[in-house]
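**Q** Handing over data08.pdb, PDB, C-alpha atoms.
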```pdb
ATOM      1  CA  MET A 274       0.000   0.000   0.000  1.00  0.00           C
ATOM      2  CA  TYR A 275       1.222   3.482  -0.899  1.00  0.00           C
ATOM      3  CA  GLU A 276       1.993   5.788   2.029  1.00  0.00           C
ATOM      4  CA  ARG A 277       2.165   9.554   1.901  1.00  0.00           C
ATOM      5  CA  ALA A 278       5.553  11.169   2.342  1.00  0.00           C
ATOM      6  CA  ASP A 279       3.913  14.074   4.191  1.00  0.00           C
ATOM      7  CA  SER A 280       1.354  12.976   6.778  1.00  0.00           C
ATOM      8  CA  ARG A 281       0.189  16.456   7.763  1.00  0.00           C
ATOM      9  CA  PRO A 282      -3.592  16.777   7.294  1.00  0.00           C
ATOM     10  CA  LEU A 283      -4.808  18.507   4.147  1.00  0.00           C
ATOM     11  CA  GLY A 284      -8.234  20.019   3.631  1.00  0.00           C
ATOM     12  CA  PRO A 285     -10.529  19.056   0.751  1.00  0.00           C
ATOM     13  CA  LEU A 286      -9.485  20.253  -2.688  1.00  0.00           C
ATOM     14  CA  TRP A 287     -12.123  21.387  -5.202  1.00  0.00           C
ATOM     15  CA  HIS A 288     -11.557  22.621  -8.747  1.00  0.00           C
ATOM     16  CA  VAL A 289     -14.530  23.748 -10.854  1.00  0.00           C
ATOM     17  CA  GLN A 290     -13.591  25.226 -14.195  1.00  0.00           C
ATOM     18  CA  GLY A 291     -14.560  24.671 -17.820  1.00  0.00           C
ATOM     19  CA  ALA A 292     -15.278  21.013 -18.492  1.00  0.00           C
ATOM     20  CA  HIS A 293     -13.802  19.763 -15.208  1.00  0.00           C
ATOM     21  CA  THR A 294     -15.251  19.399 -11.737  1.00  0.00           C
ATOM     22  CA  PHE A 295     -12.743  17.798  -9.394  1.00  0.00           C
ATOM     23  CA  PHE A 296     -12.637  16.854  -5.732  1.00  0.00           C
ATOM     24  CA  ALA A 297      -9.842  15.219  -3.753  1.00  0.00           C
ATOM     25  CA  GLY A 298     -10.131  14.481  -0.069  1.00  0.00           C
ATOM     26  CA  PRO A 299     -11.548  12.079   2.494  1.00  0.00           C
ATOM     27  CA  LEU A 300     -15.108  10.795   2.228  1.00  0.00           C
ATOM     28  CA  SER A 301     -16.996   8.396   4.455  1.00  0.00           C
ATOM     29  CA  TYR A 302     -20.341   7.168   3.151  1.00  0.00           C
ATOM     30  CA  ASN A 303     -22.414   8.540   0.285  1.00  0.00           C
ATOM     31  CA  ALA A 304     -25.971   7.244   0.135  1.00  0.00           C
ATOM     32  CA  SER A 305     -27.555   6.267  -3.177  1.00  0.00           C
ATOM     33  CA  HIS A 306     -27.405   9.169  -5.634  1.00  0.00           C
ATOM     34  CA  ARG A 307     -27.266   9.929  -9.359  1.00  0.00           C
ATOM     35  CA  HIS A 308     -25.036  12.482 -11.017  1.00  0.00           C
ATOM     36  CA  GLY A 309     -25.890  14.820 -13.861  1.00  0.00           C
ATOM     37  CA  ALA A 310     -22.477  14.182 -15.445  1.00  0.00           C
ATOM     38  CA  PRO A 311     -20.234  11.101 -15.718  1.00  0.00           C
ATOM     39  CA  VAL A 312     -17.646  10.682 -12.994  1.00  0.00           C
ATOM     40  CA  TYR A 313     -14.314   8.925 -12.540  1.00  0.00           C
ATOM     41  CA  LEU A 314     -13.368   7.756  -9.042  1.00  0.00           C
ATOM     42  CA  ALA A 315      -9.923   6.754  -7.825  1.00  0.00           C
ATOM     43  CA  GLY A 316      -9.008   5.564  -4.351  1.00  0.00           C
ATOM     44  CA  LEU A 317      -5.834   7.524  -3.677  1.00  0.00           C
ATOM     45  CA  TYR A 318      -4.235   5.019  -1.277  1.00  0.00           C
ATOM     46  CA  ASP A 319      -6.491   1.984  -1.250  1.00  0.00           C
ATOM     47  CA  ARG A 320      -9.626   0.454  -2.676  1.00  0.00           C
ATOM     48  CA  PHE A 321     -13.098   1.756  -1.882  1.00  0.00           C
ATOM     49  CA  ARG A 322     -16.470   0.028  -1.925  1.00  0.00           C
ATOM     50  CA  ILE A 323     -19.271   0.801  -4.349  1.00  0.00           C
ATOM     51  CA  ARG A 324     -22.796  -0.489  -4.790  1.00  0.00           C
ATOM     52  CA  VAL A 325     -24.533   0.036  -8.136  1.00  0.00           C
ATOM     53  CA  GLY A 326     -28.316   0.176  -7.948  1.00  0.00           C
ATOM     54  CA  GLU A 327     -29.590  -2.743  -5.900  1.00  0.00           C
ATOM     55  CA  GLY A 328     -26.532  -4.884  -6.622  1.00  0.00           C
ATOM     56  CA  ALA A 329     -23.901  -6.216  -4.261  1.00  0.00           C
ATOM     57  CA  TRP A 330     -21.136  -4.125  -2.698  1.00  0.00           C
ATOM     58  CA  THR A 331     -17.864  -4.390  -4.639  1.00  0.00           C
ATOM     59  CA  ALA A 332     -14.340  -3.252  -3.740  1.00  0.00           C
ATOM     60  CA  CYS A 333     -12.363  -1.530  -6.496  1.00  0.00           C
ATOM     61  CA  ARG A 334      -9.545   0.985  -6.954  1.00  0.00           C
ATOM     62  CA  THR A 335     -11.129   2.970  -9.786  1.00  0.00           C
ATOM     63  CA  ALA A 336     -14.570   3.356 -11.336  1.00  0.00           C
ATOM     64  CA  MET A 337     -16.285   5.218 -14.163  1.00  0.00           C
ATOM     65  CA  ILE A 338     -19.952   5.945 -13.515  1.00  0.00           C
ATOM     66  CA  PRO A 339     -22.091   7.295 -16.368  1.00  0.00           C
ATOM     67  CA  ALA A 340     -24.523  10.117 -15.679  1.00  0.00           C
ATOM     68  CA  GLY A 341     -27.846   9.031 -14.231  1.00  0.00           C
ATOM     69  CA  VAL A 342     -26.672   5.716 -12.720  1.00  0.00           C
ATOM     70  CA  ALA A 343     -27.663   5.235  -9.055  1.00  0.00           C
ATOM     71  CA  HIS A 344     -24.813   4.182  -6.764  1.00  0.00           C
ATOM     72  CA  GLU A 345     -23.580   4.234  -3.147  1.00  0.00           C
ATOM     73  CA  LEU A 346     -20.033   4.725  -1.915  1.00  0.00           C
ATOM     74  CA  ASP A 347     -18.276   3.524   1.222  1.00  0.00           C
ATOM     75  CA  VAL A 348     -14.830   5.134   1.393  1.00  0.00           C
ATOM     76  CA  ARG A 349     -14.314   4.683   5.170  1.00  0.00           C
ATOM     77  CA  GLY A 350     -12.890   8.173   5.610  1.00  0.00           C
ATOM     78  CA  ASP A 351     -10.022   7.592   3.178  1.00  0.00           C
ATOM     79  CA  PRO A 352      -8.996  10.130   0.509  1.00  0.00           C
ATOM     80  CA  ILE A 353     -10.541   9.681  -2.917  1.00  0.00           C
ATOM     81  CA  ALA A 354     -10.338  11.581  -6.195  1.00  0.00           C
ATOM     82  CA  VAL A 355     -13.554  12.422  -8.014  1.00  0.00           C
ATOM     83  CA  LEU A 356     -13.464  13.832 -11.559  1.00  0.00           C
ATOM     84  CA  TYR A 357     -16.584  14.873 -13.477  1.00  0.00           C
ATOM     85  CA  LEU A 358     -16.268  15.551 -17.196  1.00  0.00           C
ATOM     86  CA  GLU A 359     -18.871  17.578 -19.048  1.00  0.00           C
ATOM     87  CA  PRO A 360     -20.415  15.869 -22.109  1.00  0.00           C
ATOM     88  CA  GLY A 361     -19.110  18.436 -24.568  1.00  0.00           C
ATOM     89  CA  SER A 362     -15.580  17.268 -23.734  1.00  0.00           C
ATOM     90  CA  GLY A 363     -16.168  13.548 -24.080  1.00  0.00           C
ATOM     91  CA  GLY A 364     -18.352  12.605 -21.139  1.00  0.00           C
ATOM     92  CA  ALA A 365     -18.383   8.966 -20.078  1.00  0.00           C
ATOM     93  CA  HIS A 366     -16.482   7.830 -23.193  1.00  0.00           C
ATOM     94  CA  GLY A 367     -13.726  10.282 -22.388  1.00  0.00           C
ATOM     95  CA  LEU A 368     -13.330   8.938 -18.846  1.00  0.00           C
ATOM     96  CA  SER A 369     -13.445   5.192 -19.573  1.00  0.00           C
ATOM     97  CA  PRO A 370      -9.794   4.920 -20.709  1.00  0.00           C
ATOM     98  CA  LEU A 371      -8.687   6.004 -17.227  1.00  0.00           C
ATOM     99  CA  VAL A 372      -9.917   2.678 -15.797  1.00  0.00           C
ATOM    100  CA  ASP A 373      -7.509  -0.276 -15.973  1.00  0.00           C
ATOM    101  CA  GLY A 374      -8.647  -3.882 -15.858  1.00  0.00           C
ATOM    102  CA  GLY A 375     -12.274  -2.800 -15.814  1.00  0.00           C
ATOM    103  CA  GLN A 376     -15.325  -4.993 -15.464  1.00  0.00           C
ATOM    104  CA  GLU A 377     -18.846  -3.702 -16.071  1.00  0.00           C
ATOM    105  CA  ALA A 378     -21.534  -3.858 -13.395  1.00  0.00           C
ATOM    106  CA  GLY A 379     -24.887  -2.220 -13.993  1.00  0.00           C
ATOM    107  CA  GLY A 380     -23.436   0.153 -16.560  1.00  0.00           C
ATOM    108  CA  VAL A 381     -20.527   1.138 -14.281  1.00  0.00           C
ATOM    109  CA  LEU A 382     -16.923   0.301 -15.161  1.00  0.00           C
ATOM    110  CA  LEU A 383     -15.040  -0.996 -12.104  1.00  0.00           C
ATOM    111  CA  GLY A 384     -11.256  -1.274 -12.206  1.00  0.00           C
ATOM    112  CA  ALA A 385      -8.477  -2.948 -10.253  1.00  0.00           C
ATOM    113  CA  GLY A 386      -6.241  -0.049 -11.242  1.00  0.00           C
ATOM    114  CA  GLY A 387      -6.041   2.976 -13.488  1.00  0.00           C
ATOM    115  CA  GLU A 388      -5.079   6.641 -13.300  1.00  0.00           C
ATOM    116  CA  VAL A 389      -4.331   7.405  -9.654  1.00  0.00           C
ATOM    117  CA  ARG A 390      -0.915   9.007  -9.411  1.00  0.00           C
ATOM    118  CA  ALA A 391      -1.758  12.373 -11.003  1.00  0.00           C
ATOM    119  CA  PHE A 392      -4.700  12.820  -8.668  1.00  0.00           C
ATOM    120  CA  ARG A 393      -2.746  11.656  -5.628  1.00  0.00           C
ATOM    121  CA  ASP A 394      -0.024  14.165  -6.434  1.00  0.00           C
ATOM    122  CA  LEU A 395      -2.625  16.933  -6.576  1.00  0.00           C
ATOM    123  CA  HIS A 396      -4.081  15.840  -3.268  1.00  0.00           C
ATOM    124  CA  GLU A 397      -0.671  15.817  -1.586  1.00  0.00           C
ATOM    125  CA  SER A 398       0.604  19.056  -3.102  1.00  0.00           C
ATOM    126  CA  ARG A 399       0.347  22.212  -1.019  1.00  0.00           C
ATOM    127  CA  ASP A 400      -0.136  23.991  -4.358  1.00  0.00           C
ATOM    128  CA  GLY A 401      -2.750  21.514  -5.587  1.00  0.00           C
ATOM    129  CA  VAL A 402      -5.439  24.162  -6.048  1.00  0.00           C
ATOM    130  CA  ARG A 403      -3.233  26.127  -8.448  1.00  0.00           C
ATOM    131  CA  GLU A 404      -1.887  23.029 -10.199  1.00  0.00           C
ATOM    132  CA  ALA A 405      -5.268  21.354 -10.737  1.00  0.00           C
ATOM    133  CA  GLY A 406      -6.236  23.081 -13.994  1.00  0.00           C
ATOM    134  CA  ALA A 407      -3.138  22.047 -15.921  1.00  0.00           C
ATOM    135  CA  THR A 408      -3.030  18.547 -14.434  1.00  0.00           C
ATOM    136  CA  LEU A 409      -6.677  17.803 -15.197  1.00  0.00           C
ATOM    137  CA  ALA A 410      -6.347  19.153 -18.728  1.00  0.00           C
ATOM    138  CA  ASP A 411      -3.420  16.778 -19.337  1.00  0.00           C
ATOM    139  CA  VAL A 412      -5.261  13.782 -17.907  1.00  0.00           C
ATOM    140  CA  VAL A 413      -8.431  14.468 -19.880  1.00  0.00           C
ATOM    141  CA  ARG A 414      -6.499  15.116 -23.094  1.00  0.00           C
ATOM    142  CA  PHE A 415      -4.769  11.755 -22.681  1.00  0.00           C
ATOM    143  CA  SER A 416      -8.006   9.936 -21.881  1.00  0.00           C
ATOM    144  CA  CYS A 417     -10.205  11.521 -24.548  1.00  0.00           C
ATOM    145  CA  GLY A 418      -7.532  10.821 -27.145  1.00  0.00           C
ATOM    146  CA  ARG A 419      -8.085   7.117 -26.482  1.00  0.00           C
ATOM    147  CA  ALA A 420     -11.880   7.217 -26.319  1.00  0.00           C
ATOM    148  CA  ARG A 421     -13.707   5.084 -28.851  1.00  0.00           C
ATOM    149  CA  ARG A 422     -16.749   7.330 -29.176  1.00  0.00           C
ATOM    150  CA  SER A 423     -17.531  11.005 -29.038  1.00  0.00           C
ATOM    151  CA  VAL A 424     -20.605  13.042 -28.208  1.00  0.00           C
ATOM    152  CA  ASP A 425     -22.867  14.171 -31.059  1.00  0.00           C
ATOM    153  CA  ALA A 426     -21.518  17.529 -32.241  1.00  0.00           C
ATOM    154  CA  ARG A 427     -24.937  19.198 -31.939  1.00  0.00           C
ATOM    155  CA  ILE A 428     -25.315  18.183 -28.310  1.00  0.00           C
ATOM    156  CA  ALA A 429     -21.730  19.176 -27.561  1.00  0.00           C
ATOM    157  CA  ARG A 430     -22.474  22.596 -29.062  1.00  0.00           C
ATOM    158  CA  ALA A 431     -25.668  22.905 -27.006  1.00  0.00           C
ATOM    159  CA  VAL A 432     -23.758  22.121 -23.814  1.00  0.00           C
ATOM    160  CA  THR A 433     -21.188  24.796 -24.643  1.00  0.00           C
ATOM    161  CA  LEU A 434     -23.952  27.345 -25.251  1.00  0.00           C
ATOM    162  CA  LEU A 435     -25.618  26.404 -21.976  1.00  0.00           C
ATOM    163  CA  HIS A 436     -22.376  26.873 -20.071  1.00  0.00           C
ATOM    164  CA  ASP A 437     -22.027  30.308 -21.642  1.00  0.00           C
ATOM    165  CA  ASP A 438     -25.651  31.266 -20.921  1.00  0.00           C
ATOM    166  CA  PRO A 439     -27.273  29.167 -18.152  1.00  0.00           C
ATOM    167  CA  ALA A 440     -30.617  30.906 -18.772  1.00  0.00           C
ATOM    168  CA  MET A 441     -31.065  29.336 -22.224  1.00  0.00           C
ATOM    169  CA  GLY A 442     -33.971  26.914 -22.384  1.00  0.00           C
ATOM    170  CA  ALA A 443     -34.279  23.671 -24.310  1.00  0.00           C
ATOM    171  CA  GLY A 444     -36.237  25.331 -27.143  1.00  0.00           C
ATOM    172  CA  ALA A 445     -33.643  28.015 -27.724  1.00  0.00           C
ATOM    173  CA  LEU A 446     -30.804  25.501 -27.634  1.00  0.00           C
ATOM    174  CA  ALA A 447     -32.626  23.170 -30.033  1.00  0.00           C
ATOM    175  CA  ALA A 448     -33.077  26.018 -32.520  1.00  0.00           C
ATOM    176  CA  ALA A 449     -29.463  27.080 -32.126  1.00  0.00           C
ATOM    177  CA  VAL A 450     -28.182  23.617 -33.121  1.00  0.00           C
ATOM    178  CA  GLY A 451     -30.752  22.962 -35.842  1.00  0.00           C
ATOM    179  CA  LEU A 452     -32.999  20.435 -34.106  1.00  0.00           C
ATOM    180  CA  SER A 453     -36.683  20.321 -33.287  1.00  0.00           C
ATOM    181  CA  SER A 454     -37.459  20.636 -29.584  1.00  0.00           C
ATOM    182  CA  SER A 455     -38.648  17.028 -29.276  1.00  0.00           C
ATOM    183  CA  ARG A 456     -35.676  15.641 -31.201  1.00  0.00           C
ATOM    184  CA  PHE A 457     -33.288  17.739 -29.111  1.00  0.00           C
ATOM    185  CA  GLN A 458     -34.730  16.454 -25.833  1.00  0.00           C
ATOM    186  CA  HIS A 459     -34.525  12.847 -26.995  1.00  0.00           C
ATOM    187  CA  LEU A 460     -31.000  13.152 -28.382  1.00  0.00           C
ATOM    188  CA  PHE A 461     -29.793  15.080 -25.339  1.00  0.00           C
ATOM    189  CA  THR A 462     -30.914  12.330 -22.961  1.00  0.00           C
ATOM    190  CA  ALA A 463     -29.419   9.617 -25.177  1.00  0.00           C
ATOM    191  CA  GLN A 464     -26.059  11.381 -25.477  1.00  0.00           C
ATOM    192  CA  VAL A 465     -25.664  12.902 -22.012  1.00  0.00           C
ATOM    193  CA  GLY A 466     -27.337  10.151 -19.980  1.00  0.00           C
ATOM    194  CA  VAL A 467     -29.811  12.381 -18.135  1.00  0.00           C
ATOM    195  CA  PRO A 468     -32.686  14.620 -19.286  1.00  0.00           C
ATOM    196  CA  PHE A 469     -32.011  18.269 -20.057  1.00  0.00           C
ATOM    197  CA  ARG A 470     -33.589  19.557 -16.825  1.00  0.00           C
ATOM    198  CA  ARG A 471     -31.441  17.281 -14.658  1.00  0.00           C
ATOM    199  CA  TYR A 472     -28.300  18.404 -16.456  1.00  0.00           C
ATOM    200  CA  ARG A 473     -29.246  22.047 -15.902  1.00  0.00           C
ATOM    201  CA  ALA A 474     -29.654  21.269 -12.206  1.00  0.00           C
ATOM    202  CA  TRP A 475     -26.112  19.823 -12.225  1.00  0.00           C
ATOM    203  CA  LEU A 476     -24.752  23.020 -13.766  1.00  0.00           C
ATOM    204  CA  ARG A 477     -26.473  25.070 -11.072  1.00  0.00           C
ATOM    205  CA  MET A 478     -24.843  22.877  -8.418  1.00  0.00           C
ATOM    206  CA  ARG A 479     -21.457  23.397 -10.090  1.00  0.00           C
ATOM    207  CA  ARG A 480     -21.928  27.162  -9.929  1.00  0.00           C
ATOM    208  CA  ALA A 481     -22.746  27.009  -6.233  1.00  0.00           C
ATOM    209  CA  ILE A 482     -19.715  24.828  -5.454  1.00  0.00           C
ATOM    210  CA  ALA A 483     -17.460  27.131  -7.477  1.00  0.00           C
ATOM    211  CA  ALA A 484     -18.732  30.105  -5.463  1.00  0.00           C
ATOM    212  CA  VAL A 485     -18.059  28.342  -2.152  1.00  0.00           C
ATOM    213  CA  THR A 486     -14.540  27.395  -3.236  1.00  0.00           C
ATOM    214  CA  ALA A 487     -13.964  31.045  -4.182  1.00  0.00           C
ATOM    215  CA  GLY A 488     -14.754  32.064  -0.604  1.00  0.00           C
ATOM    216  CA  ASP A 489     -18.508  32.765  -0.596  1.00  0.00           C
ATOM    217  CA  SER A 490     -20.678  31.588   2.270  1.00  0.00           C
ATOM    218  CA  PHE A 491     -23.139  28.791   1.601  1.00  0.00           C
ATOM    219  CA  THR A 492     -25.985  31.318   1.619  1.00  0.00           C
ATOM    220  CA  THR A 493     -24.305  33.714  -0.822  1.00  0.00           C
ATOM    221  CA  ALA A 494     -23.268  30.865  -3.116  1.00  0.00           C
ATOM    222  CA  ALA A 495     -26.778  29.417  -3.075  1.00  0.00           C
ATOM    223  CA  HIS A 496     -28.358  32.718  -4.110  1.00  0.00           C
ATOM    224  CA  ALA A 497     -25.710  33.365  -6.776  1.00  0.00           C
ATOM    225  CA  ALA A 498     -26.372  29.970  -8.362  1.00  0.00           C
ATOM    226  CA  GLY A 499     -30.137  30.414  -8.397  1.00  0.00           C
ATOM    227  CA  PHE A 500     -31.213  28.442  -5.341  1.00  0.00           C
ATOM    228  CA  ALA A 501     -34.087  29.902  -3.345  1.00  0.00           C
ATOM    229  CA  ASP A 502     -32.068  29.777  -0.127  1.00  0.00           C
ATOM    230  CA  GLN A 503     -29.294  27.928   1.676  1.00  0.00           C
ATOM    231  CA  PRO A 504     -31.545  25.042   2.876  1.00  0.00           C
ATOM    232  CA  HIS A 505     -32.602  24.454  -0.749  1.00  0.00           C
ATOM    233  CA  PHE A 506     -28.939  24.260  -1.770  1.00  0.00           C
ATOM    234  CA  ALA A 507     -28.168  21.915   1.157  1.00  0.00           C
ATOM    235  CA  HIS A 508     -31.080  19.648   0.178  1.00  0.00           C
ATOM    236  CA  ASP A 509     -30.017  19.463  -3.470  1.00  0.00           C
ATOM    237  CA  PHE A 510     -26.366  18.908  -2.517  1.00  0.00           C
ATOM    238  CA  ARG A 511     -27.306  15.871  -0.441  1.00  0.00           C
ATOM    239  CA  LYS A 512     -29.521  14.616  -3.278  1.00  0.00           C
ATOM    240  CA  THR A 513     -26.736  15.122  -5.826  1.00  0.00           C
ATOM    241  CA  PHE A 514     -23.864  13.601  -3.832  1.00  0.00           C
ATOM    242  CA  GLY A 515     -25.537  11.391  -1.229  1.00  0.00           C
ATOM    243  CA  ALA A 516     -23.871  13.268   1.651  1.00  0.00           C
ATOM    244  CA  PRO A 517     -24.171  16.692   3.321  1.00  0.00           C
ATOM    245  CA  ALA A 518     -22.261  19.682   1.960  1.00  0.00           C
ATOM    246  CA  SER A 519     -20.403  20.030   5.265  1.00  0.00           C
ATOM    247  CA  GLY A 520     -18.587  16.752   4.566  1.00  0.00           C
ATOM    248  CA  SER A 521     -16.627  18.132   1.605  1.00  0.00           C
ATOM    249  CA  LEU A 522     -17.093  21.920   1.484  1.00  0.00           C
ATOM    250  CA  LEU A 523     -15.717  22.894   4.895  1.00  0.00           C
ATOM    251  CA  GLY A 524     -12.026  23.490   5.604  1.00  0.00           C
ATOM    252  CA  LEU A 525     -11.254  23.919   1.906  1.00  0.00           C
ATOM    253  CA  ARG A 526      -7.794  24.585   0.534  1.00  0.00           C
ATOM    254  CA  ARG A 527      -7.576  27.856  -1.357  1.00  0.00           C
TER     255      ARG A 527
END
```
Is it possible to give me this structure as structure tokens?

**A**
Amino acid sequence: MYERADSRPLGPLWHVQGAHTFFAGPLSYNASHRHGAPVYLAGLYDRFRIRVGEGAWTACRTAMIPAGVAHELDVRGDPIAVLYLEPGSGGAHGLSPLVDGGQEAGGVLLGAGGEVRAFRDLHESRDGVREAGATLADVVRFSCGRARRSVDARIARAVTLLHDDPAMGAGALAAAVGLSSSRFQHLFTAQVGVPFRRYRAWLRMRRAIAAVTAGDSFTTAAHAAGFADQPHFAHDFRKTFGAPASGSLLGLRR
């Protein structure tokens, strides 16, 4: 088992920028939840346990979970890396090459190994917050270059437009990419893995997390991202991640 050279405690690390949402730090238990974007998980020092849907608990070192797939995590308080990749940059197909020796279970790719070192280095670095952007870009470039599929160009364009203008609705986005509203909704769900409204909710959560990591209070971040109030943000955070916001958004490194 790998041991850290520096055992001094480090706070949680978040990076929310462009196509990447990244967390590195200790987690305990995350109840069943579904994400609005695909996610890659890597146990930084040991395996973690995951349960997909109603299946059995399985121990693995890495995992790629497509958007919309229900799962539970038991990390036992150990550090874990969590990388979400927006669909316009490859989505689930772009993350799959990071898993080594993977076996599929309920649509999830579970690995005995895979990309760990780059994320562990970020977690251990006192400058990890500033280094995250370049490191994640390198990892994603490597992974997406080996992906076997890509996202439909029209949906990728719609996602980019939505990031630029979160107020755009499905009808406006459909027109902007040359699709009927019904065809856009169907193709969006097929390509992204979740319906348009759920993906918009994920983007709102990203904005709130980014505001907290920038130094805003939970209340200020909630209002800035469009939540009615802080309790609404707290409720949606637990629904999105299966754990309270206090477990990963307090004591942040900046």

**Q** Applied to the shown file, which residues does the PyMOL selection byres ((chain A and resi 387-404) around 10) return, written as number ranges by chain?

**A** A: 277-288, 295-298, 313-318, 334-336, 352-356, 369-375, 383-386, 405-409, 411-412, 416, 525-527

**Q** Skipping near chain neighbours, those fewer than 6 positions away, what residues fall within 10 Å of Thr433 (chain A) using only C-alpha atoms, listed as a list in words?

**A**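 Near neighbours after the sequence-gap exclusion: Gly291, Ala292, Glu359, Pro360, Gly361, Ser362, Arg427 and Pro439 of chain A.
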
**Q** May I ask which of the residues A:Asp489, A:Leu382, A:Arg479, A:Pro504 is the closest one to Pro517 (chain A), counting all atoms listed in the file?

**A**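 Using all atoms listed in the file, the shortest distance to Pro517 (chain A) belongs to A:Pro504.
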
**Q** What gap, in Å, lies between CA of Met441 (chain A) and CA of His308 (chain A)?

**A**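 Straight-line distance from CA of Met441 (chain A) to CA of His308 (chain A) works out to 21.1 Å.
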
**Q** Taking into account all atoms listed in the file, which residue in the set A:Tyr472, A:Ser423, A:Ile482, A:Glu345 is nearest to Gly442 (chain A)?

**A**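 Comparing A:Tyr472, A:Ser423, A:Ile482, A:Glu345 against Gly442 (chain A), the winner is A:Tyr472.
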
**Q** For Gly328 (chain A), work out the shell of residues within 12 Å, counting only C-alpha atoms and skipping chain neighbours fewer than 5 positions away, then give it as a list in words.

**A**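 Non-adjacent residues within range: Ser305, Ile323, Ala343, His344, Glu345, Ala378, Gly379, Gly380 and Val381 of chain A.
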
**Q** Identify which of the residues A:Leu476, A:Leu346, A:Cys333, A:Arg324 lies closest to Leu300 (chain A), counting only C-alpha atoms when measuring atom-to-atom distances.

**A**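 Nearest candidate to Leu300 (chain A) out of A:Leu476, A:Leu346, A:Cys333, A:Arg324: A:Leu346.
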
**Q** Between A:Arg430, A:His306, A:His505, A:His436, which is the closest to Gly341 (chain A) once you count all atoms listed in the file?

**A**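 Of the candidates, the smallest distance to Gly341 (chain A) is held by A:His306.
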
**Q** Between A:Ala304, A:Ala410, A:Met337, A:Val450, which is the closest to Lys512 (chain A) once you count only C-alpha atoms?

**A**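 Result for the nearest residue to Lys512 (chain A): A:Ala304.
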
**Q** Run through the PyMOL selection byres ((chain A and resi 363) around 9) on the given coordinates and return the selected residues as a ChimeraX atom specification.

**A** /A:358-362,364-368,413,417,420,422-424,429

**Q** Expressed in Å to a single decimal, how great is the separation between CA of Phe500 (chain A) and CA of Leu435 (chain A)?

**A**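 Result for CA of Phe500 (chain A) versus CA of Leu435 (chain A): 17.7 Å, one decimal.
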
**Q** Using all atoms listed in the file, determine which residues lie at most 8 Å from Arg477 (chain A), disregarding the query and same-chain residues fewer than 4 positions distant; provide the list as a PDB file with C-alpha atoms, keeping the file's coordinate frame.

**A**
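File written: out-v3.pdb
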```pdb
ATOM      1  CA  ARG A 473     -29.246  22.047 -15.902  1.00  0.00           C
ATOM      2  CA  ALA A 481     -22.746  27.009  -6.233  1.00  0.00           C
ATOM      3  CA  ALA A 498     -26.372  29.970  -8.362  1.00  0.00           C
ATOM      4  CA  GLY A 499     -30.137  30.414  -8.397  1.00  0.00           C
TER       5      GLY A 499
END
```

**Q** Just give me the gap between CA of His293 (chain A) and CA of Ala310 (chain A) in Å, one decimal is fine.

**A** 10.3 Å

**Q** Taking only C-alpha atoms into account, which of A:Thr493, A:Ser453, A:Thr331, A:Gln464 comes nearest Asp425 (chain A)?

**A**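 Going through A:Thr493, A:Ser453, A:Thr331, A:Gln464 one by one, the smallest distance to Asp425 (chain A) is for A:Gln464.
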
**Q** List as a list in words the protein and nucleic acid residues near region 447-449 of chain A, meaning an atom at most 10 Å away when only C-alpha atoms are counted, but skip any in the same chain fewer than 3 places from it.

**A**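 Close residues of region 447-449 of chain A: Arg427, Ile428, Arg430, Ala431, Leu434, Gly442, Ala443, Gly444, Leu452, Ser453, Ser454, Ser455, Arg456, Phe457, Gln458 and Phe461 of chain A.
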
**Q** Write the residues of the selection above to a file with C-alpha atoms, as an mmCIF file, keeping the file's coordinate frame.

**A**
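Saved file result_6.cif follows:
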```
data_model
loop_
_atom_site.group_PDB
_atom_site.id
_atom_site.type_symbol
_atom_site.label_atom_id
_atom_site.label_comp_id
_atom_site.auth_asym_id
_atom_site.auth_seq_id
_atom_site.Cartn_x
_atom_site.Cartn_y
_atom_site.Cartn_z
ATOM 1 C CA ARG A 427 -24.937 19.198 -31.939
ATOM 2 C CA ILE A 428 -25.315 18.183 -28.310
ATOM 3 C CA ARG A 430 -22.474 22.596 -29.062
ATOM 4 C CA ALA A 431 -25.668 22.905 -27.006
ATOM 5 C CA LEU A 434 -23.952 27.345 -25.251
ATOM 6 C CA GLY A 442 -33.971 26.914 -22.384
ATOM 7 C CA ALA A 443 -34.279 23.671 -24.310
ATOM 8 C CA GLY A 444 -36.237 25.331 -27.143
ATOM 9 C CA LEU A 452 -32.999 20.435 -34.106
ATOM 10 C CA SER A 453 -36.683 20.321 -33.287
ATOM 11 C CA SER A 454 -37.459 20.636 -29.584
ATOM 12 C CA SER A 455 -38.648 17.028 -29.276
ATOM 13 C CA ARG A 456 -35.676 15.641 -31.201
ATOM 14 C CA PHE A 457 -33.288 17.739 -29.111
ATOM 15 C CA GLN A 458 -34.730 16.454 -25.833
ATOM 16 C CA PHE A 461 -29.793 15.080 -25.339
#
```

**Q** Starting from 8 Å padding per side, set up an axis-aligned box that covers all listed atoms of region 408-419 of chain A and hand over centre and edge lengths in Å, one decimal, as JSON.

**A**
```
{"center_x": -6.6, "center_y": 13.1, "center_z": -20.8, "size_x": 23.2, "size_y": 28.0, "size_z": 28.7}
```

**Q** Go through the shown structure with the PyMOL selection byres ((chain A and resi 321) around 6) and write out the matching residues as a PyMOL selection string.

**A** chain A and resi 320+322+332-333+348
